$ cat data.cif   # mmCIF, N, CA and C atoms
data_final
#
loop_
_atom_site.label_atom_id
_atom_site.label_comp_id
_atom_site.auth_asym_id
_atom_site.auth_seq_id
_atom_site.Cartn_x
_atom_site.Cartn_y
_atom_site.Cartn_z
N MET E 1 88.27 142.89 -30.28
CA MET E 1 87.06 142.26 -29.78
C MET E 1 86.74 142.85 -28.41
N SER E 2 85.45 143.10 -28.21
CA SER E 2 84.97 143.61 -26.93
C SER E 2 84.04 142.57 -26.31
N VAL E 3 84.21 142.34 -25.03
CA VAL E 3 83.38 141.38 -24.28
C VAL E 3 82.80 142.13 -23.09
N ALA E 4 81.47 142.11 -22.96
CA ALA E 4 80.84 142.86 -21.89
C ALA E 4 79.68 142.08 -21.28
N ALA E 5 79.59 142.15 -19.97
CA ALA E 5 78.41 141.61 -19.29
C ALA E 5 77.25 142.55 -19.57
N SER E 6 76.09 141.98 -19.81
CA SER E 6 74.92 142.79 -20.12
C SER E 6 73.68 142.04 -19.67
N SER E 7 72.55 142.50 -20.10
CA SER E 7 71.30 141.80 -19.83
C SER E 7 70.46 141.78 -21.10
N GLN E 8 69.59 140.81 -21.14
CA GLN E 8 68.68 140.63 -22.26
C GLN E 8 67.27 140.55 -21.71
N LEU E 9 66.34 141.17 -22.39
CA LEU E 9 64.94 141.09 -21.99
C LEU E 9 64.27 139.98 -22.77
N MET E 10 63.48 139.19 -22.08
CA MET E 10 62.67 138.14 -22.69
C MET E 10 61.22 138.54 -22.51
N VAL E 11 60.58 138.89 -23.63
CA VAL E 11 59.21 139.42 -23.61
C VAL E 11 58.27 138.32 -24.11
N THR E 12 57.32 137.92 -23.28
CA THR E 12 56.33 136.92 -23.68
C THR E 12 55.15 137.64 -24.30
N VAL E 13 54.79 137.19 -25.50
CA VAL E 13 53.70 137.81 -26.25
C VAL E 13 52.78 136.73 -26.81
N PRO E 14 51.55 137.08 -27.15
CA PRO E 14 50.69 136.13 -27.85
C PRO E 14 51.31 135.79 -29.21
N ASN E 15 51.18 134.56 -29.63
CA ASN E 15 51.72 134.12 -30.91
C ASN E 15 50.75 134.49 -32.03
N ARG E 16 50.81 135.76 -32.41
CA ARG E 16 49.96 136.22 -33.52
C ARG E 16 50.65 137.40 -34.22
N ALA E 17 50.22 137.63 -35.43
CA ALA E 17 50.84 138.65 -36.27
C ALA E 17 50.82 140.02 -35.60
N GLY E 18 51.91 140.76 -35.78
CA GLY E 18 51.98 142.14 -35.32
C GLY E 18 52.60 142.35 -33.95
N GLN E 19 52.88 141.28 -33.21
CA GLN E 19 53.40 141.45 -31.85
C GLN E 19 54.81 142.04 -31.83
N LEU E 20 55.67 141.59 -32.73
CA LEU E 20 57.03 142.14 -32.77
C LEU E 20 56.98 143.63 -33.12
N ALA E 21 56.16 143.99 -34.07
CA ALA E 21 56.02 145.41 -34.44
C ALA E 21 55.52 146.22 -33.25
N ARG E 22 54.58 145.67 -32.50
CA ARG E 22 54.05 146.40 -31.33
C ARG E 22 55.13 146.60 -30.27
N VAL E 23 55.88 145.53 -29.97
CA VAL E 23 56.95 145.63 -28.97
C VAL E 23 58.02 146.62 -29.42
N LEU E 24 58.44 146.53 -30.67
CA LEU E 24 59.46 147.46 -31.15
C LEU E 24 58.93 148.90 -31.21
N GLY E 25 57.64 149.06 -31.41
CA GLY E 25 57.03 150.39 -31.35
C GLY E 25 57.13 150.99 -29.96
N VAL E 26 56.93 150.16 -28.94
CA VAL E 26 57.06 150.63 -27.56
C VAL E 26 58.51 151.04 -27.29
N VAL E 27 59.47 150.25 -27.78
CA VAL E 27 60.89 150.59 -27.61
C VAL E 27 61.18 151.93 -28.29
N ALA E 28 60.67 152.10 -29.48
CA ALA E 28 60.90 153.36 -30.21
C ALA E 28 60.28 154.55 -29.49
N GLN E 29 59.07 154.37 -28.97
CA GLN E 29 58.42 155.46 -28.23
C GLN E 29 59.19 155.83 -26.97
N ALA E 30 59.88 154.84 -26.40
CA ALA E 30 60.71 155.09 -25.22
C ALA E 30 62.04 155.75 -25.61
N ARG E 31 62.26 155.88 -26.90
CA ARG E 31 63.49 156.48 -27.44
C ARG E 31 64.73 155.71 -27.02
N VAL E 32 64.64 154.38 -27.16
CA VAL E 32 65.73 153.48 -26.79
C VAL E 32 66.17 152.73 -28.05
N ASN E 33 67.47 152.55 -28.19
CA ASN E 33 68.03 151.86 -29.35
C ASN E 33 68.06 150.35 -29.12
N VAL E 34 67.66 149.59 -30.13
CA VAL E 34 67.75 148.12 -30.09
C VAL E 34 69.12 147.72 -30.61
N LEU E 35 69.87 146.98 -29.78
CA LEU E 35 71.19 146.48 -30.18
C LEU E 35 71.07 145.10 -30.81
N ASP E 36 70.10 144.31 -30.33
CA ASP E 36 69.89 142.96 -30.85
C ASP E 36 68.46 142.55 -30.60
N CYS E 37 67.90 141.81 -31.54
CA CYS E 37 66.53 141.31 -31.42
C CYS E 37 66.47 139.92 -32.04
N ALA E 38 65.84 139.00 -31.34
CA ALA E 38 65.60 137.64 -31.86
C ALA E 38 64.27 137.18 -31.30
N GLY E 39 63.79 136.08 -31.78
CA GLY E 39 62.53 135.59 -31.26
C GLY E 39 62.23 134.19 -31.73
N TYR E 40 61.27 133.58 -31.06
CA TYR E 40 60.80 132.26 -31.44
C TYR E 40 59.38 132.10 -30.95
N ALA E 41 58.65 131.17 -31.56
CA ALA E 41 57.25 130.95 -31.20
C ALA E 41 57.01 129.46 -30.98
N GLY E 42 56.03 129.20 -30.14
CA GLY E 42 55.61 127.83 -29.89
C GLY E 42 54.24 127.84 -29.26
N GLY E 43 53.29 127.20 -29.90
CA GLY E 43 51.95 127.17 -29.34
C GLY E 43 51.30 128.53 -29.35
N ALA E 44 50.65 128.86 -28.26
CA ALA E 44 49.88 130.11 -28.17
C ALA E 44 50.75 131.32 -27.85
N GLU E 45 52.02 131.09 -27.45
CA GLU E 45 52.89 132.21 -27.05
C GLU E 45 54.14 132.26 -27.91
N ALA E 46 54.74 133.43 -27.90
CA ALA E 46 56.03 133.65 -28.55
C ALA E 46 56.93 134.40 -27.57
N CYS E 47 58.22 134.37 -27.83
CA CYS E 47 59.18 135.07 -26.97
C CYS E 47 60.04 135.97 -27.85
N ILE E 48 60.13 137.23 -27.47
CA ILE E 48 60.98 138.19 -28.16
C ILE E 48 62.16 138.48 -27.24
N LEU E 49 63.36 138.33 -27.76
CA LEU E 49 64.59 138.57 -27.01
C LEU E 49 65.16 139.91 -27.46
N LEU E 50 65.40 140.80 -26.51
CA LEU E 50 65.89 142.14 -26.83
C LEU E 50 67.10 142.50 -25.98
N VAL E 51 68.10 143.08 -26.62
CA VAL E 51 69.18 143.76 -25.93
C VAL E 51 69.09 145.20 -26.42
N THR E 52 68.95 146.12 -25.47
CA THR E 52 68.77 147.53 -25.84
C THR E 52 69.78 148.41 -25.11
N SER E 53 69.77 149.66 -25.48
CA SER E 53 70.67 150.62 -24.83
C SER E 53 70.16 151.04 -23.45
N ASN E 54 68.91 150.68 -23.11
CA ASN E 54 68.37 150.99 -21.79
C ASN E 54 67.29 149.96 -21.44
N ASN E 55 67.74 148.79 -21.02
CA ASN E 55 66.79 147.70 -20.74
C ASN E 55 65.81 148.04 -19.62
N ALA E 56 66.24 148.79 -18.61
CA ALA E 56 65.34 149.13 -17.50
C ALA E 56 64.17 149.97 -18.00
N LYS E 57 64.44 150.94 -18.84
CA LYS E 57 63.39 151.80 -19.38
C LYS E 57 62.43 151.01 -20.26
N VAL E 58 62.96 150.10 -21.07
CA VAL E 58 62.12 149.27 -21.94
C VAL E 58 61.27 148.32 -21.11
N MET E 59 61.87 147.71 -20.09
CA MET E 59 61.13 146.79 -19.23
C MET E 59 59.94 147.50 -18.58
N THR E 60 60.17 148.68 -18.07
CA THR E 60 59.10 149.47 -17.45
C THR E 60 57.99 149.78 -18.45
N ALA E 61 58.37 150.22 -19.63
CA ALA E 61 57.38 150.59 -20.65
C ALA E 61 56.55 149.38 -21.09
N LEU E 62 57.19 148.24 -21.26
CA LEU E 62 56.47 147.04 -21.70
C LEU E 62 55.56 146.49 -20.60
N ARG E 63 56.04 146.51 -19.37
CA ARG E 63 55.21 146.02 -18.25
C ARG E 63 54.00 146.93 -18.04
N ARG E 64 54.19 148.23 -18.27
CA ARG E 64 53.11 149.19 -18.09
C ARG E 64 51.91 148.86 -18.98
N ILE E 65 52.15 148.28 -20.15
CA ILE E 65 51.03 147.96 -21.04
C ILE E 65 50.68 146.46 -21.01
N GLY E 66 51.21 145.75 -20.00
CA GLY E 66 50.74 144.40 -19.73
C GLY E 66 51.59 143.25 -20.21
N TYR E 67 52.76 143.53 -20.79
CA TYR E 67 53.62 142.43 -21.22
C TYR E 67 54.35 141.80 -20.04
N GLU E 68 54.55 140.50 -20.12
CA GLU E 68 55.39 139.79 -19.15
C GLU E 68 56.82 139.91 -19.66
N VAL E 69 57.72 140.47 -18.82
CA VAL E 69 59.10 140.70 -19.22
C VAL E 69 60.03 140.16 -18.15
N ARG E 70 61.02 139.40 -18.58
CA ARG E 70 62.03 138.85 -17.67
C ARG E 70 63.40 139.33 -18.14
N LYS E 71 64.30 139.56 -17.20
CA LYS E 71 65.66 139.98 -17.54
C LYS E 71 66.63 138.86 -17.22
N ASP E 72 67.51 138.55 -18.17
CA ASP E 72 68.53 137.52 -17.99
C ASP E 72 69.91 138.12 -18.21
N LYS E 73 70.90 137.59 -17.50
CA LYS E 73 72.29 138.00 -17.71
C LYS E 73 72.81 137.34 -18.97
N VAL E 74 73.49 138.13 -19.79
CA VAL E 74 74.12 137.63 -21.01
C VAL E 74 75.49 138.26 -21.15
N VAL E 75 76.25 137.74 -22.09
CA VAL E 75 77.55 138.31 -22.45
C VAL E 75 77.45 138.76 -23.90
N LEU E 76 77.82 140.01 -24.16
CA LEU E 76 77.84 140.55 -25.52
C LEU E 76 79.27 140.56 -26.02
N VAL E 77 79.46 140.01 -27.21
CA VAL E 77 80.78 139.99 -27.83
C VAL E 77 80.64 140.74 -29.15
N THR E 78 81.45 141.77 -29.33
CA THR E 78 81.41 142.55 -30.56
C THR E 78 82.82 142.69 -31.12
N GLY E 79 82.89 142.91 -32.41
CA GLY E 79 84.21 143.11 -33.01
C GLY E 79 84.14 143.24 -34.50
N LYS E 80 85.31 143.28 -35.11
CA LYS E 80 85.44 143.37 -36.56
C LYS E 80 85.11 142.00 -37.15
N ASP E 81 84.20 141.99 -38.11
CA ASP E 81 83.76 140.75 -38.73
C ASP E 81 84.87 140.15 -39.59
N ALA E 82 85.04 138.84 -39.50
CA ALA E 82 86.02 138.12 -40.32
C ALA E 82 85.57 136.67 -40.41
N VAL E 83 85.91 136.03 -41.49
CA VAL E 83 85.57 134.62 -41.67
C VAL E 83 86.13 133.80 -40.51
N GLY E 84 85.29 132.99 -39.88
CA GLY E 84 85.73 132.11 -38.81
C GLY E 84 85.73 132.72 -37.43
N GLN E 85 85.37 133.99 -37.31
CA GLN E 85 85.42 134.66 -36.01
C GLN E 85 84.49 133.98 -35.01
N GLY E 86 83.28 133.64 -35.42
CA GLY E 86 82.36 132.96 -34.52
C GLY E 86 82.90 131.63 -34.04
N ALA E 87 83.51 130.88 -34.94
CA ALA E 87 84.09 129.58 -34.58
C ALA E 87 85.21 129.76 -33.56
N ARG E 88 86.05 130.77 -33.75
CA ARG E 88 87.15 131.01 -32.79
C ARG E 88 86.61 131.36 -31.41
N ILE E 89 85.61 132.19 -31.37
CA ILE E 89 85.03 132.60 -30.08
C ILE E 89 84.38 131.40 -29.40
N LEU E 90 83.59 130.65 -30.13
CA LEU E 90 82.88 129.53 -29.52
C LEU E 90 83.81 128.38 -29.16
N LYS E 91 84.96 128.26 -29.80
CA LYS E 91 85.95 127.26 -29.39
C LYS E 91 86.49 127.59 -28.00
N LYS E 92 86.68 128.87 -27.70
CA LYS E 92 87.11 129.26 -26.36
C LYS E 92 86.08 128.83 -25.32
N VAL E 93 84.81 128.99 -25.66
CA VAL E 93 83.73 128.58 -24.75
C VAL E 93 83.76 127.06 -24.57
N ALA E 94 83.91 126.34 -25.65
CA ALA E 94 83.96 124.88 -25.59
C ALA E 94 85.18 124.40 -24.80
N ASP E 95 86.33 125.02 -25.04
CA ASP E 95 87.56 124.64 -24.32
C ASP E 95 87.42 124.86 -22.82
N ALA E 96 86.63 125.83 -22.42
CA ALA E 96 86.38 126.11 -21.00
C ALA E 96 85.27 125.20 -20.45
N LYS E 97 84.73 124.33 -21.30
CA LYS E 97 83.69 123.37 -20.93
C LYS E 97 82.43 124.07 -20.39
N ILE E 98 82.08 125.15 -21.07
CA ILE E 98 80.88 125.91 -20.70
C ILE E 98 79.76 125.53 -21.64
N ASN E 99 78.65 125.13 -21.07
CA ASN E 99 77.47 124.76 -21.84
C ASN E 99 76.62 126.01 -22.06
N LEU E 100 76.44 126.39 -23.30
CA LEU E 100 75.63 127.57 -23.61
C LEU E 100 74.15 127.24 -23.52
N ARG E 101 73.40 128.15 -22.95
CA ARG E 101 71.94 128.02 -22.89
C ARG E 101 71.27 128.75 -24.05
N LEU E 102 71.98 129.72 -24.61
CA LEU E 102 71.41 130.50 -25.70
C LEU E 102 72.53 131.20 -26.44
N VAL E 103 72.40 131.28 -27.74
CA VAL E 103 73.32 132.07 -28.56
C VAL E 103 72.55 132.62 -29.75
N HIS E 104 72.75 133.87 -30.05
CA HIS E 104 72.29 134.43 -31.31
C HIS E 104 73.29 135.48 -31.74
N ALA E 105 73.42 135.61 -33.04
CA ALA E 105 74.48 136.47 -33.57
C ALA E 105 74.04 137.15 -34.85
N ALA E 106 74.69 138.26 -35.14
CA ALA E 106 74.46 138.97 -36.39
C ALA E 106 75.77 139.59 -36.84
N GLY E 107 75.95 139.66 -38.14
CA GLY E 107 77.11 140.30 -38.70
C GLY E 107 76.70 141.17 -39.87
N THR E 108 77.44 142.22 -40.08
CA THR E 108 77.14 143.13 -41.18
C THR E 108 78.14 143.00 -42.32
N GLY E 109 79.15 142.17 -42.13
CA GLY E 109 80.25 142.12 -43.07
C GLY E 109 81.41 142.98 -42.60
N ARG E 110 81.10 143.90 -41.70
CA ARG E 110 82.14 144.76 -41.10
C ARG E 110 82.26 144.52 -39.60
N ARG E 111 81.13 144.39 -38.94
CA ARG E 111 81.10 144.20 -37.48
C ARG E 111 80.19 143.02 -37.16
N TYR E 112 80.40 142.41 -36.00
CA TYR E 112 79.51 141.35 -35.54
C TYR E 112 79.09 141.63 -34.11
N LEU E 113 77.98 141.02 -33.74
CA LEU E 113 77.49 141.02 -32.36
C LEU E 113 77.04 139.60 -32.05
N ILE E 114 77.56 139.05 -30.98
CA ILE E 114 77.15 137.72 -30.52
C ILE E 114 76.61 137.87 -29.11
N VAL E 115 75.43 137.32 -28.86
CA VAL E 115 74.82 137.31 -27.53
C VAL E 115 74.92 135.87 -27.02
N LEU E 116 75.56 135.72 -25.86
CA LEU E 116 75.77 134.39 -25.27
C LEU E 116 75.15 134.35 -23.88
N LYS E 117 74.55 133.21 -23.55
CA LYS E 117 73.99 133.01 -22.21
C LYS E 117 74.43 131.65 -21.70
N ALA E 118 74.89 131.63 -20.47
CA ALA E 118 75.29 130.39 -19.79
C ALA E 118 74.93 130.53 -18.31
N ALA E 119 75.08 129.45 -17.58
CA ALA E 119 74.72 129.47 -16.16
C ALA E 119 75.52 130.51 -15.38
N HIS E 120 76.78 130.71 -15.75
CA HIS E 120 77.65 131.64 -15.03
C HIS E 120 78.23 132.66 -16.02
N ALA E 121 77.59 133.81 -16.12
CA ALA E 121 77.98 134.83 -17.09
C ALA E 121 79.42 135.30 -16.89
N HIS E 122 79.86 135.45 -15.65
CA HIS E 122 81.22 135.93 -15.39
C HIS E 122 82.26 134.93 -15.88
N ARG E 123 82.01 133.65 -15.70
CA ARG E 123 82.92 132.60 -16.19
C ARG E 123 82.93 132.58 -17.71
N LEU E 124 81.76 132.74 -18.32
CA LEU E 124 81.64 132.79 -19.77
C LEU E 124 82.43 133.97 -20.33
N ALA E 125 82.28 135.14 -19.75
CA ALA E 125 83.00 136.33 -20.22
C ALA E 125 84.50 136.13 -20.11
N ALA E 126 84.97 135.55 -19.02
CA ALA E 126 86.40 135.31 -18.83
C ALA E 126 86.94 134.35 -19.89
N ALA E 127 86.17 133.34 -20.22
CA ALA E 127 86.62 132.37 -21.23
C ALA E 127 86.74 133.02 -22.61
N VAL E 128 85.78 133.86 -22.95
CA VAL E 128 85.81 134.51 -24.27
C VAL E 128 86.97 135.50 -24.36
N ARG E 129 87.29 136.13 -23.24
CA ARG E 129 88.39 137.13 -23.23
C ARG E 129 89.77 136.50 -23.41
N LYS E 130 89.93 135.22 -23.10
CA LYS E 130 91.25 134.56 -23.18
C LYS E 130 91.79 134.57 -24.58
#

$ encode --input "data.cif" --output "structure tokens"
Amino acid sequence: MSVAASSQLMVTVPNRAGQLARVLGVVAQARVNVLDCAGYAGGAEACILLVTSNNAKVMTALRRIGYEVRKDKVVLVTGKDAVGQGARILKKVADAKINLRLVHAAGTGRRYLIVLKAAHAHRLAAAVRK
């Protein structure tokens, strides 16, 4: 298992069809790899969450065409996928009494990626590493 401090971009977009494709098109034109993508919508706006191989470059490209982009500290946890792995990792977080503000995860059957956000990223990373 690998645990790393990282950052996540939160891109505010109008809540209408095609916005995710447009944002990912900008990332592709910047020649940056997407490591994780999630999103949610509410009302007139939506939020796209991105972890990329070069967040600074993506942030610049998106702001240049008018998107509102915010950067948040997150912890990335990656490793070999196995039944119960997410539960084991999140039990460490719970045992450390850390309240998560955000979590999203993906697995391929071989590898997993979990994105975690809490008030204190360094404390969160230390708890997961135990």

$ atom_distance --input "data.cif" --atom1 "atom N of Val27 of chain E" --atom2 "atom N of Ala41 of chain E"
19.5 Å

$ resolve_selection --input "data.cif" --expression "the PyMOL selection byres ((chain E and resi 6-23) around 7)" --output "JSON, numbers by chain"
{"E": [4, 5, 24, 25, 26, 27, 28, 41, 42, 43, 44, 45, 46, 47, 48, 49, 50, 51, 52, 55, 67, 68, 69, 70, 71, 72, 73, 74, 75, 76]}

$ closest_residue --input "data.cif" --among "E:Ala119, E:Val77, E:Ala56, E:Met1" --to "Ile98 of chain E" --atoms "only N, CA and C atoms"
E:Ala119

$ atom_distance --input "data.cif" --atom1 "atom N of Ser53 of chain E" --atom2 "atom N of Ile89 of chain E"
24.3 Å

$ atom_distance --input "data.cif" --atom1 "atom N of Val115 of chain E" --atom2 "atom C of Ala127 of chain E"
13.6 Å

$ select_by_dssp --input "data.cif" --residues "chain E" --states "strand (DSSP E or B)" --output "short mmCIF file (atom, residue, chain, number, x, y, z; two decimals) with N, CA and C atoms, keeping the file's coordinate frame"
data_model
loop_
_atom_site.label_atom_id
_atom_site.label_comp_id
_atom_site.auth_asym_id
_atom_site.auth_seq_id
_atom_site.Cartn_x
_atom_site.Cartn_y
_atom_site.Cartn_z
N SER E 2 85.45 143.10 -28.21
CA SER E 2 84.97 143.61 -26.93
C SER E 2 84.04 142.57 -26.31
N VAL E 3 84.21 142.34 -25.03
CA VAL E 3 83.38 141.38 -24.28
C VAL E 3 82.80 142.13 -23.09
N ALA E 4 81.47 142.11 -22.96
CA ALA E 4 80.84 142.86 -21.89
C ALA E 4 79.68 142.08 -21.28
N ALA E 5 79.59 142.15 -19.97
CA ALA E 5 78.41 141.61 -19.29
C ALA E 5 77.25 142.55 -19.57
N SER E 6 76.09 141.98 -19.81
CA SER E 6 74.92 142.79 -20.12
C SER E 6 73.68 142.04 -19.67
N SER E 7 72.55 142.50 -20.10
CA SER E 7 71.30 141.80 -19.83
C SER E 7 70.46 141.78 -21.10
N GLN E 8 69.59 140.81 -21.14
CA GLN E 8 68.68 140.63 -22.26
C GLN E 8 67.27 140.55 -21.71
N LEU E 9 66.34 141.17 -22.39
CA LEU E 9 64.94 141.09 -21.99
C LEU E 9 64.27 139.98 -22.77
N MET E 10 63.48 139.19 -22.08
CA MET E 10 62.67 138.14 -22.69
C MET E 10 61.22 138.54 -22.51
N VAL E 11 60.58 138.89 -23.63
CA VAL E 11 59.21 139.42 -23.61
C VAL E 11 58.27 138.32 -24.11
N THR E 12 57.32 137.92 -23.28
CA THR E 12 56.33 136.92 -23.68
C THR E 12 55.15 137.64 -24.30
N VAL E 13 54.79 137.19 -25.50
CA VAL E 13 53.70 137.81 -26.25
C VAL E 13 52.78 136.73 -26.81
N PRO E 14 51.55 137.08 -27.15
CA PRO E 14 50.69 136.13 -27.85
C PRO E 14 51.31 135.79 -29.21
N VAL E 34 67.66 149.59 -30.13
CA VAL E 34 67.75 148.12 -30.09
C VAL E 34 69.12 147.72 -30.61
N LEU E 35 69.87 146.98 -29.78
CA LEU E 35 71.19 146.48 -30.18
C LEU E 35 71.07 145.10 -30.81
N ASP E 36 70.10 144.31 -30.33
CA ASP E 36 69.89 142.96 -30.85
C ASP E 36 68.46 142.55 -30.60
N CYS E 37 67.90 141.81 -31.54
CA CYS E 37 66.53 141.31 -31.42
C CYS E 37 66.47 139.92 -32.04
N ALA E 38 65.84 139.00 -31.34
CA ALA E 38 65.60 137.64 -31.86
C ALA E 38 64.27 137.18 -31.30
N GLY E 39 63.79 136.08 -31.78
CA GLY E 39 62.53 135.59 -31.26
C GLY E 39 62.23 134.19 -31.73
N TYR E 40 61.27 133.58 -31.06
CA TYR E 40 60.80 132.26 -31.44
C TYR E 40 59.38 132.10 -30.95
N ALA E 41 58.65 131.17 -31.56
CA ALA E 41 57.25 130.95 -31.20
C ALA E 41 57.01 129.46 -30.98
N GLY E 42 56.03 129.20 -30.14
CA GLY E 42 55.61 127.83 -29.89
C GLY E 42 54.24 127.84 -29.26
N GLU E 45 52.02 131.09 -27.45
CA GLU E 45 52.89 132.21 -27.05
C GLU E 45 54.14 132.26 -27.91
N ALA E 46 54.74 133.43 -27.90
CA ALA E 46 56.03 133.65 -28.55
C ALA E 46 56.93 134.40 -27.57
N CYS E 47 58.22 134.37 -27.83
CA CYS E 47 59.18 135.07 -26.97
C CYS E 47 60.04 135.97 -27.85
N ILE E 48 60.13 137.23 -27.47
CA ILE E 48 60.98 138.19 -28.16
C ILE E 48 62.16 138.48 -27.24
N LEU E 49 63.36 138.33 -27.76
CA LEU E 49 64.59 138.57 -27.01
C LEU E 49 65.16 139.91 -27.46
N LEU E 50 65.40 140.80 -26.51
CA LEU E 50 65.89 142.14 -26.83
C LEU E 50 67.10 142.50 -25.98
N VAL E 51 68.10 143.08 -26.62
CA VAL E 51 69.18 143.76 -25.93
C VAL E 51 69.09 145.20 -26.42
N THR E 52 68.95 146.12 -25.47
CA THR E 52 68.77 147.53 -25.84
C THR E 52 69.78 148.41 -25.11
N GLU E 68 54.55 140.50 -20.12
CA GLU E 68 55.39 139.79 -19.15
C GLU E 68 56.82 139.91 -19.66
N VAL E 69 57.72 140.47 -18.82
CA VAL E 69 59.10 140.70 -19.22
C VAL E 69 60.03 140.16 -18.15
N ARG E 70 61.02 139.40 -18.58
CA ARG E 70 62.03 138.85 -17.67
C ARG E 70 63.40 139.33 -18.14
N LYS E 71 64.30 139.56 -17.20
CA LYS E 71 65.66 139.98 -17.54
C LYS E 71 66.63 138.86 -17.22
N ASP E 72 67.51 138.55 -18.17
CA ASP E 72 68.53 137.52 -17.99
C ASP E 72 69.91 138.12 -18.21
N LYS E 73 70.90 137.59 -17.50
CA LYS E 73 72.29 138.00 -17.71
C LYS E 73 72.81 137.34 -18.97
N VAL E 74 73.49 138.13 -19.79
CA VAL E 74 74.12 137.63 -21.01
C VAL E 74 75.49 138.26 -21.15
N VAL E 75 76.25 137.74 -22.09
CA VAL E 75 77.55 138.31 -22.45
C VAL E 75 77.45 138.76 -23.90
N LEU E 76 77.82 140.01 -24.16
CA LEU E 76 77.84 140.55 -25.52
C LEU E 76 79.27 140.56 -26.02
N VAL E 77 79.46 140.01 -27.21
CA VAL E 77 80.78 139.99 -27.83
C VAL E 77 80.64 140.74 -29.15
N THR E 78 81.45 141.77 -29.33
CA THR E 78 81.41 142.55 -30.56
C THR E 78 82.82 142.69 -31.12
N GLY E 79 82.89 142.91 -32.41
CA GLY E 79 84.21 143.11 -33.01
C GLY E 79 84.14 143.24 -34.50
N LYS E 80 85.31 143.28 -35.11
CA LYS E 80 85.44 143.37 -36.56
C LYS E 80 85.11 142.00 -37.15
N LEU E 100 76.44 126.39 -23.30
CA LEU E 100 75.63 127.57 -23.61
C LEU E 100 74.15 127.24 -23.52
N ARG E 101 73.40 128.15 -22.95
CA ARG E 101 71.94 128.02 -22.89
C ARG E 101 71.27 128.75 -24.05
N LEU E 102 71.98 129.72 -24.61
CA LEU E 102 71.41 130.50 -25.70
C LEU E 102 72.53 131.20 -26.44
N VAL E 103 72.40 131.28 -27.74
CA VAL E 103 73.32 132.07 -28.56
C VAL E 103 72.55 132.62 -29.75
N HIS E 104 72.75 133.87 -30.05
CA HIS E 104 72.29 134.43 -31.31
C HIS E 104 73.29 135.48 -31.74
N ALA E 105 73.42 135.61 -33.04
CA ALA E 105 74.48 136.47 -33.57
C ALA E 105 74.04 137.15 -34.85
N ALA E 106 74.69 138.26 -35.14
CA ALA E 106 74.46 138.97 -36.39
C ALA E 106 75.77 139.59 -36.84
N GLY E 107 75.95 139.66 -38.14
CA GLY E 107 77.11 140.30 -38.70
C GLY E 107 76.70 141.17 -39.87
N ARG E 111 81.13 144.39 -38.94
CA ARG E 111 81.10 144.20 -37.48
C ARG E 111 80.19 143.02 -37.16
N TYR E 112 80.40 142.41 -36.00
CA TYR E 112 79.51 141.35 -35.54
C TYR E 112 79.09 141.63 -34.11
N LEU E 113 77.98 141.02 -33.74
CA LEU E 113 77.49 141.02 -32.36
C LEU E 113 77.04 139.60 -32.05
N ILE E 114 77.56 139.05 -30.98
CA ILE E 114 77.15 137.72 -30.52
C ILE E 114 76.61 137.87 -29.11
N VAL E 115 75.43 137.32 -28.86
CA VAL E 115 74.82 137.31 -27.53
C VAL E 115 74.92 135.87 -27.02
N LEU E 116 75.56 135.72 -25.86
CA LEU E 116 75.77 134.39 -25.27
C LEU E 116 75.15 134.35 -23.88
N LYS E 117 74.55 133.21 -23.55
CA LYS E 117 73.99 133.01 -22.21
C LYS E 117 74.43 131.65 -21.70
N ALA E 118 74.89 131.63 -20.47
CA ALA E 118 75.29 130.39 -19.79
C ALA E 118 74.93 130.53 -18.31
#

$ select_by_dssp --input "data.cif" --residues "chain E" --states "helix (DSSP H, G or I)" --output "number ranges by chain"
E: 19-29, 55-64, 85-95, 121-129

$ closest_residue --input "data.cif" --among "E:Lys92, E:Arg31, E:Ile114, E:Thr108" --to "Lys130 of chain E" --atoms "all atoms listed in the file"
E:Lys92

$ resolve_selection --input "data.cif" --expression "the PyMOL selection byres ((chain E and resi 99) around 8)" --output "list in words"
Val93, Ala94, Ala96, Lys97, Ile98, Leu100, Arg101, Leu102, Lys117, Ala118, Ala119 and His120 of chain E

$ residues_near_point --input "data.cif" --point "(81.6, 143.1, -43.1)" --cutoff "8 Å" --atoms "all atoms listed in the file" --output "PyMOL selection string"
chain E and resi 80-82+107-112

$ closest_residue --input "data.cif" --among "E:Gly79, E:Ala61, E:Ala121, E:Leu113" --to "Ser2 of chain E" --atoms "all atoms listed in the file"
E:Gly79

$ build_atoms --input "data.cif" --residues "segment 31-36 of chain E" --atoms "N, CA, C and O atoms" --output "short mmCIF file (atom, residue, chain, number, x, y, z; two decimals), in the frame of the given file"
data_model
loop_
_atom_site.label_atom_id
_atom_site.label_comp_id
_atom_site.auth_asym_id
_atom_site.auth_seq_id
_atom_site.Cartn_x
_atom_site.Cartn_y
_atom_site.Cartn_z
N ARG E 31 62.26 155.88 -26.90
CA ARG E 31 63.49 156.48 -27.44
C ARG E 31 64.73 155.71 -27.02
O ARG E 31 65.75 156.28 -26.61
N VAL E 32 64.64 154.38 -27.16
CA VAL E 32 65.73 153.48 -26.79
C VAL E 32 66.17 152.73 -28.05
O VAL E 32 65.34 152.31 -28.85
N ASN E 33 67.47 152.55 -28.19
CA ASN E 33 68.03 151.86 -29.35
C ASN E 33 68.06 150.35 -29.12
O ASN E 33 68.44 149.88 -28.05
N VAL E 34 67.66 149.59 -30.13
CA VAL E 34 67.75 148.12 -30.09
C VAL E 34 69.12 147.72 -30.61
O VAL E 34 69.49 148.05 -31.73
N LEU E 35 69.87 146.98 -29.78
CA LEU E 35 71.19 146.48 -30.18
C LEU E 35 71.07 145.10 -30.81
O LEU E 35 71.84 144.75 -31.69
N ASP E 36 70.10 144.31 -30.33
CA ASP E 36 69.89 142.96 -30.85
C ASP E 36 68.46 142.55 -30.60
O ASP E 36 67.87 142.89 -29.57
#
